[in-house]
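**Q** Structure provided below as structure tokens; questions to follow.
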There are 4 protein chains.
Amino acid sequence: MSTLLKAPAAQQTLQQYEQIRARTELICQPLEPEDTVVQPIIDVSPPKWHMAHTSWFFETFLLQPHLPGYQLFHKQYSYLFNSYYNSVGSRVQRDQRSTLTRPPLRDIYAYRRHVDEHMNKLFQQLEEDKLEELLPLLQLGLQHEQQHQELLITDIKYILSTNPLLPVYKPQPQPAITTTPSKAIFLEVPGGTYTIGFRGEGFSFDNELGVHEVLLQDFRIMNRLVTNGEYMEFMQDGGYQDFRHWLDEGFALVNNQHLEAPLYWVKQDKEWHRFTMHGMEKVNPREPVSHLSFYEANAYASWAGKRLLTEFEWEAASQLYPPSPGNFMESGRLEPTAADPANQGMQQLYGDVWEWTYSAYHPYPGFTKAPGAIGEYNGKFMLNQMVLRGGSCATPESHIRTTYRNFFHPDKRWQYNGIRLAQ
Amino acid sequence: MSTLLKAPAAQQTLQQYEQIRARTELICQPLEPEDTVVQPIIDVSPPKWHMAHTSWFFETFLLQPHLPGYQLFHKQYSYLFNSYYNSVGSRVQRDQRSTLTRPPLRDIYAYRRHVDEHMNKLFQQLEEDKLEELLPLLQLGLQHEQQHQELLITDIKYILSTNPLLPVYKPQPQPAITTTPSKAIFLEVPGGTYTIGFRGEGFSFDNELGVHEVLLQDFRIMNRLVTNGEYMEFMQDGGYQDFRHWLDEGFALVNNQHLEAPLYWVKQDKEWHRFTMHGMEKVNPREPVSHLSFYEANAYASWAGKRLLTEFEWEAASQLYPPSPGNFMESGRLEPTAADPANQGMQQLYGDVWEWTYSAYHPYPGFTKAPGAIGEYNGKFMLNQMVLRGGSCATPESHIRTTYRNFFHPDKRWQYNGIRLAQ
Amino acid sequence: MSTLLKAPAAQQTLQQYEQIRARTELICQPLEPEDTVVQPIIDVSPPKWHMAHTSWFFETFLLQPHLPGYQLFHKQYSYLFNSYYNSVGSRVQRDQRSTLTRPPLRDIYAYRRHVDEHMNKLFQQLEEDKLEELLPLLQLGLQHEQQHQELLITDIKYILSTNPLLPVYKPQPQPAITTTPSKAIFLEVPGGTYTIGFRGEGFSFDNELGVHEVLLQDFRIMNRLVTNGEYMEFMQDGGYQDFRHWLDEGFALVNNQHLEAPLYWVKQDKEWHRFTMHGMEKVNPREPVSHLSFYEANAYASWAGKRLLTEFEWEAASQLYPPSPGNFMESGRLEPTAADPANQGMQQLYGDVWEWTYSAYHPYPGFTKAPGAIGEYNGKFMLNQMVLRGGSCATPESHIRTTYRNFFHPDKRWQYNGIRLAQ
Amino acid sequence: MSTLLKAPAAQQTLQQYEQIRARTELICQPLEPEDTVVQPIIDVSPPKWHMAHTSWFFETFLLQPHLPGYQLFHKQYSYLFNSYYNSVGSRVQRDQRSTLTRPPLRDIYAYRRHVDEHMNKLFQQLEEDKLEELLPLLQLGLQHEQQHQELLITDIKYILSTNPLLPVYKPQPQPAITTTPSKAIFLEVPGGTYTIGFRGEGFSFDNELGVHEVLLQDFRIMNRLVTNGEYMEFMQDGGYQDFRHWLDEGFALVNNQHLEAPLYWVKQDKEWHRFTMHGMEKVNPREPVSHLSFYEANAYASWAGKRLLTEFEWEAASQLYPPSPGNFMESGRLEPTAADPANQGMQQLYGDVWEWTYSAYHPYPGFTKAPGAIGEYNGKFMLNQMVLRGGSCATPESHIRTTYRNFFHPDKRWQYNGIRLAQ
């Protein structure tokens, strides 16, 4: 064994591990213990659970099978903090996560310490070739934790929003610059054959594999996201009442739930305000609209005489138009920001808000599930969900890729989801 | 005006009109009045409602706008028998159709007579060019009535099946021939560019338009449908209990509803029987399995080490392999029949059971909705549903096409839905 | 055996049997077959079911055990038409009664004929002493059928009311006489010991037995029912919005279901109308208010500065004040009628509307259930329901007694339920 | 003003105030912050909410109206911590109490300090006659806080029981003494006129007023509570499966929820264990059975060939048989204890478990609600609930009286509810 030889790869991964693990705790730092245990809707998991579950992932898939002599931190944690892996055994039902008032928050931090120390030991002890063999699993664990970082942010936002005191998560790092309007431009994408799916080095999820070609027709893509101001025009024009723009199930939802604006919007003194991570604020018409369901995004597109993109069109366009710098989790803003009116090129393709596409989340040709528990990661969710692309202001910058496929049911609004149009 | 000139086109359409309208009543002939009013689940409409709604369609879209001086049969029928056309006005909510104990069945027949007489008058009075102009709408009305004929059959089956007396709809026209097993063969379909969508003369729905090319990879397609016998192997092998084969939401459904067999299957004296239009009978292992959800079809495919086709693959294969004669509504069997063991070519592509595809029911490129109420026919349902292809034993033969896209939510089982595999 | 000897008793009972059985069919005579099969809410049973279930009662408890050689009309009818007798075996679940589209209505009539003929045979064949022994059971069957006559009327009313065509059950036998207002008078009932429960000859239900004494304080009782006009004052005074008058669960119900008037009331052209057995008509302020929940009755009493009676107070008052002629089912009006303004004595104590009391439906001291299935008749419902007294315009006149205890859950409104006040 | 004169009364009340307020915090002392915010079912309120709500009561009804210059601790707390007083204004909906992750626990303690300091100031400043005038309200506030102490204990038990780790609230203060069986004796209570309701000095709730006489028949009352051992005989005899012993709605509940034992009972290694405040322990057959619904209590009584008492019988018996020392909250056991086999007199009439009576919680004759918000305390709940008598091991000893009427819906099991029989 030579620690010298393996140093660079191991050191780099270890550093990444430490950064990502630390970030998770940084996100939870402003919370009270009570904030970390509740589950106001089934979609929103308790922050304490996220912190434990991401550690459980490393313990279950790395430490237990690969660190000789590893002792579980607590023999029941696998039952408590397994999310949906049938292969790993039974678990707390998803809608019962708020029953976990114990273990208390300090125990979860101790659990994280325990896992981190042993992961460090694993890095130190592992032969270089063995380490290389485990790298995909390690990377999966880190990407998994990054996904939960985004969920932590959206779940914290939801939890705080249900509190009548409307608590501030963190003051805004810097006041948003009021910009002049940015005129939307439609950029051309020529039809033809495009290659879809992940081909590069490095990490990708299994749902991006199955590289294949698709035939696209000519189309044009909006160079920025749809703004709050544009969306308010739709609202003022009676968009929520006009059945012609809605999918049937979307219109039923609008009527049953009396929807008339994006999630988190509240009319105060005749003006629209919205709950943000920095408290209630007046809606800024220059900023991208977010917290929309697919139904709302699609109705808006219909009202505007345009349409949403497919995920293939989105990926093709992203191949033609290189990304501008995005607004990601690391900025600390945690809310979308206005486009640059001076920039007539492609903007906001990454970060700010996830962009709903009119593509169902289905397997790519040749998709195969990994054997064992890891095979449950993505494949079993490939129905009834729609693909979103591009990441949001809650996505870690290193987590997103042009081939990245996010997916949610079309009625979900608690993520930072918005609209980019095609025609 | 020249009745001579217009005769052939008008006469042919009139004849078609009369045949289709008569068929609807033939389907309802074995029913008691009480059978025609209940709605055991929201999916299943009362037969009386189907008979009235199909007449309402002609009255609303043909007679009212185009027959001068036409008087409505009853001024409230538009409210009673509108299905889902917001453009036409308010209506009885879909789950409230069993409130319509009045008008009684004889009034519905009178309504049909009234509409038929005036449609006849319309045929007689219309100038040839005007008739030609109305032909698409007329055709839509007839295709619409054919769709409801299939729904009538599946809804009647469901209604009778909930009755503890398990009534027979009609005795079997001829006993099913017990066949020897038919070995499944996988036929090759070479990859390449295929043209999808309706290009011919004659009628198609708007969801088939938007002809476009798709790139497919090589695949192989099973030459017949999956049988009851094959499906029972899956059941005996613990298929309903093995989470590895199931989409997550499908497995939840299986567990919440305690599913262990297709709809209508009941174990009696340790043997599987099923409710058919001819009463309870022992499951015949040679016949195609039907009344499956998409989840069951997909789980079976996974267990068999195969997969479902996409709707594009299905349509490509249908271009290569010409159809054999199918088992349609007109045969009067109203249950799927066994494949021919002597035939090694493509079989059962049309008729018998609809084949679930792993394609979401989304708009084709360039899809546009017609203006007005007719635009509500298809477009607003293009989410959360899966495409099925090929027609069933309850489909009128003249109704099906290679480009025909049927669609249902993935959990629906009361249609004649089954499985064809690809690999 | 001597037919001469038994003649009077048997003849009288037979005559009663024939009259009551005929009345049931008379009630159903205006219905279409489709009216007789639906079940719009769980409380409302299909009329066809009522007709069969009352026959099943005689078949199960009289013919099967007591008529030698009796053959069941149909071996599955016991499963189909048992209401809630666990002792008799399994049955169609209460909320599944609309699945019984078969047997068709004509079979139910045939079933009734079959039972009637064999009951006649039973009357003819039975020895006098045996007949006497069976009289209580026979009487129970007849009283049972009378109870279902009242339910038939209220269920038919509900079924027709849900139909958008608002069908008329029967035209009004004679136009309601518009009366001058009747001033309410409060009659005195002195405190003291009263004997409660059935002591007379003839039939009573087991829930009226357990004669016992109660101590009452002085109170006063209104000499007529509360009218629509008085109730509208409560409504206009914001009664449905003022929480102070409501029991907590009642106020929740009012808000969740957006209640603002009695069942069947609809505002048309700014005036209150109500659905009656004779169609929609303008609310008559002189007539007794009906179709109220206990919550509404109690809130009205609170608003009026009065209270409801207990069932013991009601029974005590009925001992002091002899009944005036009542408006019962036999009048054919089937809606409550105005009090006589000239009559300053007790009015409307029987008939018109059932009067909600503030007494829970609990067993009287010493209550015991009969052995076997008949023991399930009343006892198992003695919780969570409130006692009503006095009968309604849908009650057969021979069915009601001063000791009769009717009972419904406090939220039920589809019966003819109203208010009499105490202070 | 003379502090000398008022000293004794004020000092005594102040002392009582301090003791009761301190006890509430002592109850919560073993909890983690996360334990104090969740609401697993609507009946169970977050402990943090209980602590705040009891303080809100003093602030709203004592400090705000009667302490000159009092400043609210926080202007939104009235919205957050009002339970059900419509008169006081809008409030957090009852099922939304777990949204209150903020204010954090330490703020609630600060709120309690603030209220306590100002209550102390109120005691010091108030003139003697004014103090006397406020004493009923003060007493109501203290009794109210004692009620919430009992709820705190039962809610904490429920919260901990839903946690898969089954946390121990506190170790048992002393091991339960295993006793020899105590033979049940039925003590005689002669029939006659008994006076019901509160007549003494000191505090009572409004629902105990309205003193009145009732006539009772002779009966006999069991001298101790029904034990776990006796209840297990019922279970072993198929009691949960035998419909004859159940009220209809109770039997439906048993079947829908698959009940087969009291709440908190779990079969481990073929032996019944139960979750207690001291962790899981084997069921002790000598201890009183608890955590039963009314339905279970009544079914047991039927199986045993006995019946439950009415609340009047209970109160009459308690007048004849003086109480033995009871097992109350102060003992710290917080679980019921076995009866003394040597004692043949009346036992366990107070403390241990509340005793379900077959009496609906209705107003006594002449019951009137207090004007204003205090009038909402009891009256609006007087329907659909059953009276329980005698207090439990979670009831403060100074809180219970012979005339005390507790009340819960008949399906509730999370309180310490048990059985005493009559015959």
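Ordering of the structure tokens sets the chain letters (A, B, ...), residue numbers begin anew at 1 in every chain, and ligands are numbered from 1 in the order given.
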Excluding C:Gln348 and its own-chain neighbours fewer than 3 positions away, which residues fall within 8 Å of it when counting only C-alpha atoms? Please give them as a VMD selection string.

**A** chain C and resid 223 to 225 323 to 327 339 351 to 352

**Q** For C:Glu313, work out the shell of residues within 10 Å, counting only C-alpha atoms and skipping chain neighbours fewer than 2 positions away, then give it as a PDB file with N, CA, C and O atoms, in the first residue's frame.

**A**
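Written file, part08.pdb:
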```pdb
ATOM      1  N   VAL C 189     -96.574  22.553  32.110  1.00  0.00           N
ATOM      2  CA  VAL C 189     -96.510  21.162  32.560  1.00  0.00           C
ATOM      3  C   VAL C 189     -95.895  21.185  33.965  1.00  0.00           C
ATOM      4  O   VAL C 189     -94.749  21.605  34.127  1.00  0.00           O
ATOM      5  N   GLY C 191     -94.058  20.142  37.384  1.00  0.00           N
ATOM      6  CA  GLY C 191     -93.008  19.183  37.743  1.00  0.00           C
ATOM      7  C   GLY C 191     -93.569  18.035  38.559  1.00  0.00           C
ATOM      8  O   GLY C 191     -94.702  18.090  39.036  1.00  0.00           O
ATOM      9  N   TYR C 194     -93.209  11.336  36.680  1.00  0.00           N
ATOM     10  CA  TYR C 194     -93.966  10.846  35.523  1.00  0.00           C
ATOM     11  C   TYR C 194     -93.495   9.435  35.181  1.00  0.00           C
ATOM     12  O   TYR C 194     -92.318   9.119  35.332  1.00  0.00           O
ATOM     13  N   ILE C 196     -92.666   6.777  32.435  1.00  0.00           N
ATOM     14  CA  ILE C 196     -92.188   6.780  31.051  1.00  0.00           C
ATOM     15  C   ILE C 196     -92.165   5.355  30.515  1.00  0.00           C
ATOM     16  O   ILE C 196     -91.817   4.428  31.235  1.00  0.00           O
ATOM     17  N   VAL C 214     -89.596   9.107  36.187  1.00  0.00           N
ATOM     18  CA  VAL C 214     -88.583  10.169  36.163  1.00  0.00           C
ATOM     19  C   VAL C 214     -89.135  11.368  36.926  1.00  0.00           C
ATOM     20  O   VAL C 214     -90.347  11.570  37.012  1.00  0.00           O
ATOM     21  N   LEU C 215     -88.228  12.118  37.487  1.00  0.00           N
ATOM     22  CA  LEU C 215     -88.584  13.347  38.194  1.00  0.00           C
ATOM     23  C   LEU C 215     -88.387  14.522  37.244  1.00  0.00           C
ATOM     24  O   LEU C 215     -87.276  14.713  36.712  1.00  0.00           O
ATOM     25  N   LEU C 216     -89.416  15.294  37.004  1.00  0.00           N
ATOM     26  CA  LEU C 216     -89.275  16.465  36.134  1.00  0.00           C
ATOM     27  C   LEU C 216     -89.540  17.739  36.920  1.00  0.00           C
ATOM     28  O   LEU C 216     -90.296  17.737  37.892  1.00  0.00           O
ATOM     29  N   GLN C 217     -88.907  18.812  36.503  1.00  0.00           N
ATOM     30  CA  GLN C 217     -89.200  20.125  37.072  1.00  0.00           C
ATOM     31  C   GLN C 217     -90.303  20.784  36.231  1.00  0.00           C
ATOM     32  O   GLN C 217     -90.594  20.346  35.124  1.00  0.00           O
ATOM     33  N   ASP C 218     -90.903  21.838  36.767  1.00  0.00           N
ATOM     34  CA  ASP C 218     -91.913  22.571  35.988  1.00  0.00           C
ATOM     35  C   ASP C 218     -91.328  23.039  34.660  1.00  0.00           C
ATOM     36  O   ASP C 218     -90.176  23.474  34.614  1.00  0.00           O
ATOM     37  N   PHE C 219     -92.106  22.977  33.608  1.00  0.00           N
ATOM     38  CA  PHE C 219     -91.657  23.587  32.352  1.00  0.00           C
ATOM     39  C   PHE C 219     -92.878  23.973  31.536  1.00  0.00           C
ATOM     40  O   PHE C 219     -94.012  23.614  31.881  1.00  0.00           O
ATOM     41  N   ARG C 220     -92.623  24.706  30.464  1.00  0.00           N
ATOM     42  CA  ARG C 220     -93.713  25.083  29.567  1.00  0.00           C
ATOM     43  C   ARG C 220     -93.387  24.628  28.150  1.00  0.00           C
ATOM     44  O   ARG C 220     -92.220  24.639  27.744  1.00  0.00           O
ATOM     45  N   ILE C 221     -94.380  24.239  27.417  1.00  0.00           N
ATOM     46  CA  ILE C 221     -94.184  23.646  26.092  1.00  0.00           C
ATOM     47  C   ILE C 221     -95.012  24.414  25.050  1.00  0.00           C
ATOM     48  O   ILE C 221     -96.166  24.761  25.315  1.00  0.00           O
ATOM     49  N   LEU C 308     -84.835  23.064  23.538  1.00  0.00           N
ATOM     50  CA  LEU C 308     -85.589  21.887  23.110  1.00  0.00           C
ATOM     51  C   LEU C 308     -86.075  21.129  24.348  1.00  0.00           C
ATOM     52  O   LEU C 308     -85.550  21.315  25.445  1.00  0.00           O
ATOM     53  N   LEU C 309     -87.053  20.270  24.173  1.00  0.00           N
ATOM     54  CA  LEU C 309     -87.504  19.418  25.270  1.00  0.00           C
ATOM     55  C   LEU C 309     -86.606  18.192  25.375  1.00  0.00           C
ATOM     56  O   LEU C 309     -85.927  17.819  24.412  1.00  0.00           O
ATOM     57  N   THR C 310     -86.644  17.537  26.547  1.00  0.00           N
ATOM     58  CA  THR C 310     -86.107  16.178  26.622  1.00  0.00           C
ATOM     59  C   THR C 310     -87.212  15.229  26.186  1.00  0.00           C
ATOM     60  O   THR C 310     -88.387  15.601  26.152  1.00  0.00           O
ATOM     61  N   GLU C 311     -86.803  13.977  25.897  1.00  0.00           N
ATOM     62  CA  GLU C 311     -87.861  13.046  25.485  1.00  0.00           C
ATOM     63  C   GLU C 311     -88.821  12.746  26.625  1.00  0.00           C
ATOM     64  O   GLU C 311     -89.994  12.434  26.390  1.00  0.00           O
ATOM     65  N   GLU C 315     -92.897  13.298  26.558  1.00  0.00           N
ATOM     66  CA  GLU C 315     -93.846  12.224  26.869  1.00  0.00           C
ATOM     67  C   GLU C 315     -94.781  12.633  27.998  1.00  0.00           C
ATOM     68  O   GLU C 315     -95.985  12.308  27.973  1.00  0.00           O
ATOM     69  N   ALA C 316     -94.237  13.363  28.962  1.00  0.00           N
ATOM     70  CA  ALA C 316     -95.074  13.858  30.062  1.00  0.00           C
ATOM     71  C   ALA C 316     -96.135  14.814  29.523  1.00  0.00           C
ATOM     72  O   ALA C 316     -97.320  14.710  29.870  1.00  0.00           O
ATOM     73  N   ALA C 317     -95.722  15.740  28.664  1.00  0.00           N
ATOM     74  CA  ALA C 317     -96.674  16.702  28.102  1.00  0.00           C
ATOM     75  C   ALA C 317     -97.748  15.987  27.300  1.00  0.00           C
ATOM     76  O   ALA C 317     -98.930  16.357  27.341  1.00  0.00           O
ATOM     77  N   SER C 318     -97.354  14.947  26.592  1.00  0.00           N
ATOM     78  CA  SER C 318     -98.330  14.235  25.756  1.00  0.00           C
ATOM     79  C   SER C 318     -99.343  13.496  26.625  1.00  0.00           C
ATOM     80  O   SER C 318    -100.428  13.158  26.166  1.00  0.00           O
ATOM     81  N   GLN C 319     -98.961  13.221  27.884  1.00  0.00           N
ATOM     82  CA  GLN C 319     -99.916  12.582  28.802  1.00  0.00           C
ATOM     83  C   GLN C 319    -100.961  13.593  29.262  1.00  0.00           C
ATOM     84  O   GLN C 319    -102.098  13.242  29.520  1.00  0.00           O
ATOM     85  N   THR C 357     -85.551  15.988  20.210  1.00  0.00           N
ATOM     86  CA  THR C 357     -85.422  16.240  21.651  1.00  0.00           C
ATOM     87  C   THR C 357     -83.942  16.278  22.015  1.00  0.00           C
ATOM     88  O   THR C 357     -83.101  15.762  21.274  1.00  0.00           O
ATOM     89  N   ALA C 422     -89.340  24.520  24.321  1.00  0.00           N
ATOM     90  CA  ALA C 422     -89.726  24.518  25.740  1.00  0.00           C
ATOM     91  C   ALA C 422     -89.090  25.744  26.391  1.00  0.00           C
ATOM     92  O   ALA C 422     -88.183  26.366  25.845  1.00  0.00           O
TER      93      ALA C 422
END
```

**Q** With a distance cut-off of 7 Å and only C-alpha atoms, select the neighbouring residues of stretch 263-276 of chain D, excluding the residue or stretch itself and same-chain residues fewer than 6 positions from it, and output the selection as a list in words.

**A**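 Surrounding residues, per the criterion: Ser161, Lys282, Val283, His291, Leu292 and Arg413 of chain D.
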
**Q** If you measure from atom CA of D:Val387 to atom CA of D:Gly418, what distance in Å do you get, rounded to one decimal?

**A**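 Atom-to-atom, atom CA of D:Val387 and atom CA of D:Gly418 are spaced 12.3 Å apart.
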
**Q** Write out as a ChimeraX atom specification the residues lying within 12 Å of D:Thr395, counting only C-alpha atoms and excluding same-chain residues fewer than 6 positions away.

**A** /D:143,145-154,326-336,350-354,389,401,404,406,415-417

**Q** When the cut-off is 8 Å and we count only C-alpha atoms, which residues of chain A are near chain D, given as a count of residues only?

**A** 23

**Q** One decimal, Å: what's the distance from atom CA of D:Leu253 over to atom CA of C:Phe408, could you say?

**A**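 Distance between the two atoms: 18.9 Å.
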